[in-house]
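Asks: What follows is coords-v1.txt, compact mmCIF, C-alpha atoms.
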```txt
# COMPACT_ATOMS: atom_id res chain seq x y z
CA GLY S 1 45.39 51.67 116.56
CA ASN S 2 48.91 52.66 117.47
CA VAL S 3 49.42 55.54 119.87
CA LEU S 4 51.26 58.35 118.12
CA SER S 5 54.08 60.24 119.81
CA ALA S 6 55.55 63.74 119.72
CA ALA S 7 58.34 62.49 117.42
CA PHE S 8 56.48 60.24 114.98
CA THR S 9 58.05 58.22 112.15
CA ILE S 10 55.90 56.61 109.49
CA PRO S 11 57.10 52.97 109.36
CA SER S 12 58.55 51.74 106.08
CA LEU S 13 57.02 48.31 106.70
CA ALA S 14 53.55 47.46 108.01
CA LYS S 15 52.45 43.99 109.16
CA HIS S 16 49.12 42.68 107.92
CA PRO S 17 47.02 41.95 111.04
CA SER S 18 45.65 38.68 109.67
CA THR S 19 48.50 37.13 107.68
CA GLY S 20 51.45 38.60 109.54
CA ILE S 21 53.09 39.44 106.21
CA ASP S 22 55.15 42.66 106.08
CA TYR S 23 54.23 45.09 103.31
CA THR S 24 56.21 48.14 102.19
CA VAL S 25 54.48 51.42 103.00
CA VAL S 26 54.33 53.32 99.70
CA GLU S 27 51.36 55.63 100.24
CA ILE S 28 49.84 57.74 103.00
CA GLY S 29 46.14 58.09 102.29
CA ARG S 30 43.76 60.99 102.33
CA ASN S 31 43.03 62.32 105.85
CA ALA S 32 45.23 59.54 107.30
CA PHE S 33 46.49 61.59 110.26
CA LEU S 34 43.98 64.41 110.27
CA SER S 35 43.93 66.47 113.49
CA HIS S 36 46.55 64.51 115.44
CA ASP S 37 47.72 67.32 117.72
CA GLU S 38 50.14 65.03 119.56
CA ILE S 39 52.55 65.00 116.59
CA ILE S 40 55.25 67.65 116.90
CA SER S 41 57.93 66.16 114.64
CA LEU S 42 57.25 63.90 111.64
CA THR S 43 59.54 61.69 109.56
CA ILE S 44 58.45 60.41 106.12
CA PRO S 45 60.49 57.33 105.08
CA ALA S 46 62.08 56.82 101.69
CA SER S 47 59.60 54.05 100.87
CA VAL S 48 56.64 56.44 100.62
CA MET S 49 55.91 57.44 97.03
CA GLN S 50 52.60 59.29 97.41
CA ILE S 51 50.84 61.37 100.06
CA GLY S 52 47.11 61.98 99.75
CA PRO S 53 45.19 65.24 100.26
CA PHE S 54 44.90 66.51 103.85
CA ALA S 55 47.00 63.58 105.11
CA PHE S 56 48.40 65.57 108.05
CA SER S 57 46.18 68.63 107.95
CA ARG S 58 45.09 70.26 111.22
CA CYS S 59 47.91 68.65 113.19
CA GLY S 60 47.96 71.70 115.40
CA ASN S 61 51.44 71.17 116.89
CA LEU S 62 53.32 69.80 113.88
CA GLU S 63 56.44 71.97 113.58
CA LYS S 64 59.07 69.82 111.85
CA ILE S 65 59.04 67.42 108.90
CA THR S 66 61.91 65.23 107.75
CA PHE S 67 61.69 63.73 104.27
CA GLU S 68 64.26 60.91 104.35
CA SER S 69 66.81 60.70 101.54
CA ALA S 70 65.68 58.85 98.42
CA SER S 71 66.50 58.87 94.72
CA THR S 72 62.78 58.61 93.93
CA THR S 73 60.34 61.51 93.78
CA LEU S 74 57.63 61.92 96.40
CA GLU S 75 54.33 62.95 94.85
CA PHE S 76 51.59 64.85 96.64
CA MET S 77 48.24 63.82 95.25
CA PRO S 78 45.86 66.71 94.52
CA THR S 79 42.23 67.34 95.18
CA TYR S 80 40.20 69.90 93.28
CA ASN S 81 37.74 72.73 93.79
CA ASP S 82 36.43 75.65 91.73
CA TYR S 83 39.77 77.46 92.10
CA GLY S 84 42.03 74.65 90.89
CA SER S 85 44.05 71.82 92.39
CA TYR S 86 45.86 71.67 95.70
CA SER S 87 47.10 69.12 98.23
CA GLY S 88 46.44 70.57 101.66
CA ALA S 89 48.54 67.74 103.13
CA PHE S 90 49.86 70.06 105.85
CA ALA S 91 47.09 72.67 105.89
CA ASP S 92 46.69 74.39 109.26
CA CYS S 93 49.97 72.99 110.59
CA PRO S 94 52.40 75.47 112.24
CA LEU S 95 55.45 74.21 110.32
CA ASN S 96 58.76 75.97 110.90
CA GLU S 97 61.42 73.42 109.92
CA ILE S 98 61.84 71.11 106.92
CA ILE S 99 64.65 68.63 106.29
CA LEU S 100 64.47 67.64 102.63
CA GLY S 101 66.18 64.54 101.28
CA ARG S 102 64.29 64.02 98.03
CA THR S 103 62.51 65.84 95.23
CA LEU S 104 58.83 66.64 95.76
CA SER S 105 56.39 66.83 92.86
CA GLY S 106 52.76 66.88 91.83
CA ASP S 107 50.06 69.54 91.74
CA GLY S 108 50.41 69.78 95.50
CA THR S 109 54.10 70.46 96.09
CA LEU S 110 54.98 72.66 99.06
CA TRP S 111 53.58 75.63 97.18
CA ASN S 112 50.11 74.14 97.72
CA LEU S 113 50.53 71.93 100.80
CA LYS S 114 49.26 74.64 103.12
CA TRP S 115 46.05 75.35 101.21
CA GLY S 116 42.73 73.54 101.15
CA LEU S 117 41.12 74.17 104.54
CA SER S 118 39.31 77.32 105.61
CA ASP S 119 37.78 78.82 108.69
CA GLN S 120 34.07 79.49 109.13
CA TYR S 121 34.37 82.64 107.04
CA GLY S 122 35.87 80.84 104.06
CA VAL S 123 39.30 82.47 104.54
CA TYR S 124 42.17 80.14 103.73
CA LYS S 125 44.67 80.03 106.57
CA ASP S 126 48.43 80.32 106.19
CA ASN S 127 50.38 79.51 109.34
CA PHE S 128 53.53 78.26 107.63
CA HIS S 129 56.59 80.07 108.91
CA ILE S 130 59.53 78.02 107.72
CA THR S 131 62.56 79.32 109.61
CA CYS S 132 64.97 76.48 108.85
CA LEU S 133 65.31 74.50 105.62
CA THR S 134 68.01 71.84 105.36
CA ILE S 135 68.78 70.30 101.97
CA LEU S 136 70.34 66.85 102.31
CA ASP S 137 73.10 65.52 100.06
CA GLY S 138 72.19 65.20 96.39
CA THR S 139 68.70 66.73 96.64
CA ASP S 140 67.77 68.98 93.72
CA ILE S 141 65.54 71.96 94.58
CA SER S 142 66.14 73.80 91.31
CA GLY S 143 63.69 74.05 88.46
CA LYS S 144 59.90 73.86 88.59
CA ASP S 145 59.56 71.81 91.76
CA GLY S 146 62.46 73.51 93.52
CA ALA S 147 60.83 76.89 92.98
CA MET S 148 58.14 75.90 95.49
CA PHE S 149 60.24 77.36 98.28
CA ASP S 150 60.48 80.80 96.73
CA SER S 151 57.20 81.91 98.29
CA PHE S 152 58.18 81.25 101.90
CA GLN S 153 59.16 84.77 102.94
CA GLY S 154 59.55 83.62 106.55
CA ILE S 155 62.71 81.63 105.80
CA CYS S 156 65.52 83.21 107.79
CA ASN S 157 67.98 80.34 108.32
CA LEU S 158 68.61 78.26 105.21
CA SER S 159 71.06 75.38 105.58
CA LEU S 160 72.46 73.88 102.40
CA VAL S 161 74.32 70.59 102.50
CA LYS S 162 76.99 69.57 99.94
CA ASN S 163 75.99 68.06 96.59
CA LEU S 164 73.06 70.40 96.01
CA THR S 165 72.52 70.16 92.25
CA GLY S 166 71.20 72.66 89.76
CA ASP S 167 70.87 76.44 89.84
CA VAL S 168 68.89 78.12 92.60
CA ASP S 169 67.42 81.62 92.56
CA PHE S 170 67.80 82.78 96.15
CA ALA S 171 66.14 86.12 95.40
CA GLY S 172 62.80 84.63 96.46
CA TYR S 173 64.02 83.86 99.99
CA GLY S 174 63.05 87.26 101.31
CA GLU S 175 64.18 86.90 104.94
CA LEU S 176 67.37 84.96 104.37
CA ARG S 177 69.83 85.75 107.18
CA ALA S 178 72.18 82.75 107.26
CA LEU S 179 73.35 80.57 104.39
CA ILE S 180 75.33 77.56 105.58
CA MET S 181 77.33 75.85 102.86
CA LYS S 182 78.66 72.36 103.50
CA ASP S 183 80.79 72.24 100.35
CA ALA S 184 84.15 74.00 100.01
CA ALA S 185 83.52 74.44 96.27
CA PRO S 186 81.15 77.38 95.63
CA LYS S 187 77.99 76.61 93.71
CA GLN S 188 77.82 78.38 90.35
CA ASN S 189 74.99 80.41 88.82
CA GLN S 190 73.23 81.34 92.05
CA THR S 191 71.13 84.52 92.16
CA PHE S 192 71.07 86.87 95.16
CA THR S 193 69.64 90.33 95.74
CA ASP S 194 71.87 93.26 96.67
CA LEU S 195 70.18 93.39 100.08
CA GLN S 196 70.94 89.72 100.72
CA LYS S 197 74.60 90.33 99.93
CA ILE S 198 74.66 92.98 102.66
CA ARG S 199 72.67 91.38 105.47
CA THR S 200 73.04 87.61 104.92
CA THR S 201 75.99 85.83 106.52
CA VAL S 202 77.46 82.98 104.47
CA TYR S 203 79.07 80.22 106.54
CA ILE S 204 81.61 78.08 104.67
CA PRO S 205 84.04 75.26 105.56
CA ALA S 206 87.42 76.28 106.97
CA GLY S 207 89.97 77.03 104.26
CA ALA S 208 87.42 77.95 101.57
CA LEU S 209 87.34 81.72 102.06
CA ALA S 210 89.76 82.61 99.26
CA THR S 211 87.83 80.48 96.76
CA TYR S 212 84.49 82.06 97.66
CA ARG S 213 85.98 85.55 97.44
CA GLU S 214 87.11 84.80 93.88
CA THR S 215 83.78 83.39 92.66
CA ASP S 216 81.03 85.34 90.91
CA GLY S 217 77.83 85.50 92.96
CA TRP S 218 79.71 85.07 96.22
CA ARG S 219 82.51 87.62 96.24
CA ASP S 220 80.15 90.53 96.87
CA PHE S 221 78.84 89.25 100.21
CA SER S 222 79.77 91.55 103.09
CA HIS S 223 79.80 88.71 105.60
CA ILE S 224 81.48 85.37 104.88
CA GLU S 225 82.67 83.32 107.85
CA GLU S 226 84.48 80.00 108.05
CA TYR S 227 83.50 77.24 110.47
CA GLU S 228 85.20 74.08 111.72
CA GLY S 229 83.78 70.55 111.70
CA GLU S 230 81.31 68.60 109.61
CA ASP S 231 78.05 70.02 110.88
CA MET S 232 76.83 73.41 111.91
CA THR S 233 73.62 74.42 113.61
CA PRO S 234 72.05 77.56 112.11
CA PRO S 235 72.66 80.54 114.44
CA ALA S 236 69.76 81.66 116.61
```
Just dump the structure as structure tokens.

Replies:
Amino acid sequence: GNVLSAAFTIPSLAKHPSTGIDYTVVEIGRNAFLSHDEIISLTIPASVMQIGPFAFSRCGNLEKITFESASTTLEFMPTYNDYGSYSGAFADCPLNEIILGRTLSGDGTLWNLKWGLSDQYGVYKDNFHITCLTILDGTDISGKDGAMFDSFQGICNLSLVKNLTGDVDFAGYGELRALIMKDAAPKQNQTFTDLQKIRTTVYIPAGALATYRETDGWRDFSHIEEYEGEDMTPPA
């Protein structure tokens, strides 16, 4: 088989060993990369439509996942036990950064990706600590599937890129410290807690300060700062 590397990208095409014909990779099967500790960063291409249960579980050094931009939805296929359905695709992985370029769906969206494996005492582990979430252009995290991120209380740097669609309830992002907006036009109908408005710094494109200060949901933030350039790395 192929030797995996620290920065591993699932190929969008795979050559049949006998015929030499290239086939599009549309599914990552159950247990496909179980316990590959050499993977630190993973990229899922736009061609992949389904990921099976435990596909990357117990990758003990997997910290970052990039879901490449796609207009199609990526579905996590569930497995079942006496307590219900779950995916466990990234169970027992120490994830701390996600770059999301498409909508995720299925019984095993990120809400359930971490569950499914247990230690010898039957205690389900939870070593997710997502500290940086980047939403790529046009990706919708609102609604039922978008709400999957509300449970990640470890999120402290949340980077939002322009063209985010839909309404997002930020009240569930309990440790939000930095909100980096890539669009000069403020998003409407966002929900924040009073504490977030005090301790979270909102970074906006240069020249947009007056507009944000006039917009409901944003005007009450104590800290709004402008930045120059197209990209900005979340502050340490």

Asks: Which distance in Å separates atom CA of S:Thr193 and atom CA of S:Thr131, to one decimal?

Replies: 19.1 Å

Asks: When distances are computed from only C-alpha atoms, which of S:Ile10, S:Ile39, S:Leu158, S:Ala185 shows the smallest separation from S:Tyr173?

Replies: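 The answer is S:Leu158, which sits nearest to S:Tyr173.
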
Asks: Residues within 10 Å of S:Ala184, please, as a list of chain:residue names. Count only C-alpha atoms; anything in the same chain fewer than 4 positions from it doesn't count.

Replies: S:Lys162, S:Ile204, S:Pro205, S:Ala206, S:Gly207, S:Ala208, S:Leu209, S:Thr211, S:Tyr212

Asks: In the coordinates of the file, take the point (73.5, 84.6, 90.1) and a cut-off of 10 Å; then, counting only C-alpha atoms, name each qualifying protein, DNA or RNA residue as an MDAnalysis selection string.

Replies: chainID S and resid 167:171 187:193 216:218

Asks: Fewer than 3 positions away in the same chain doesn't count, so skip those; otherwise give me all residues within 9 Å of S:His36, counting all atoms listed in the file, as a VMD selection string.

Replies: chain S and resid 4 33 39 56 to 62
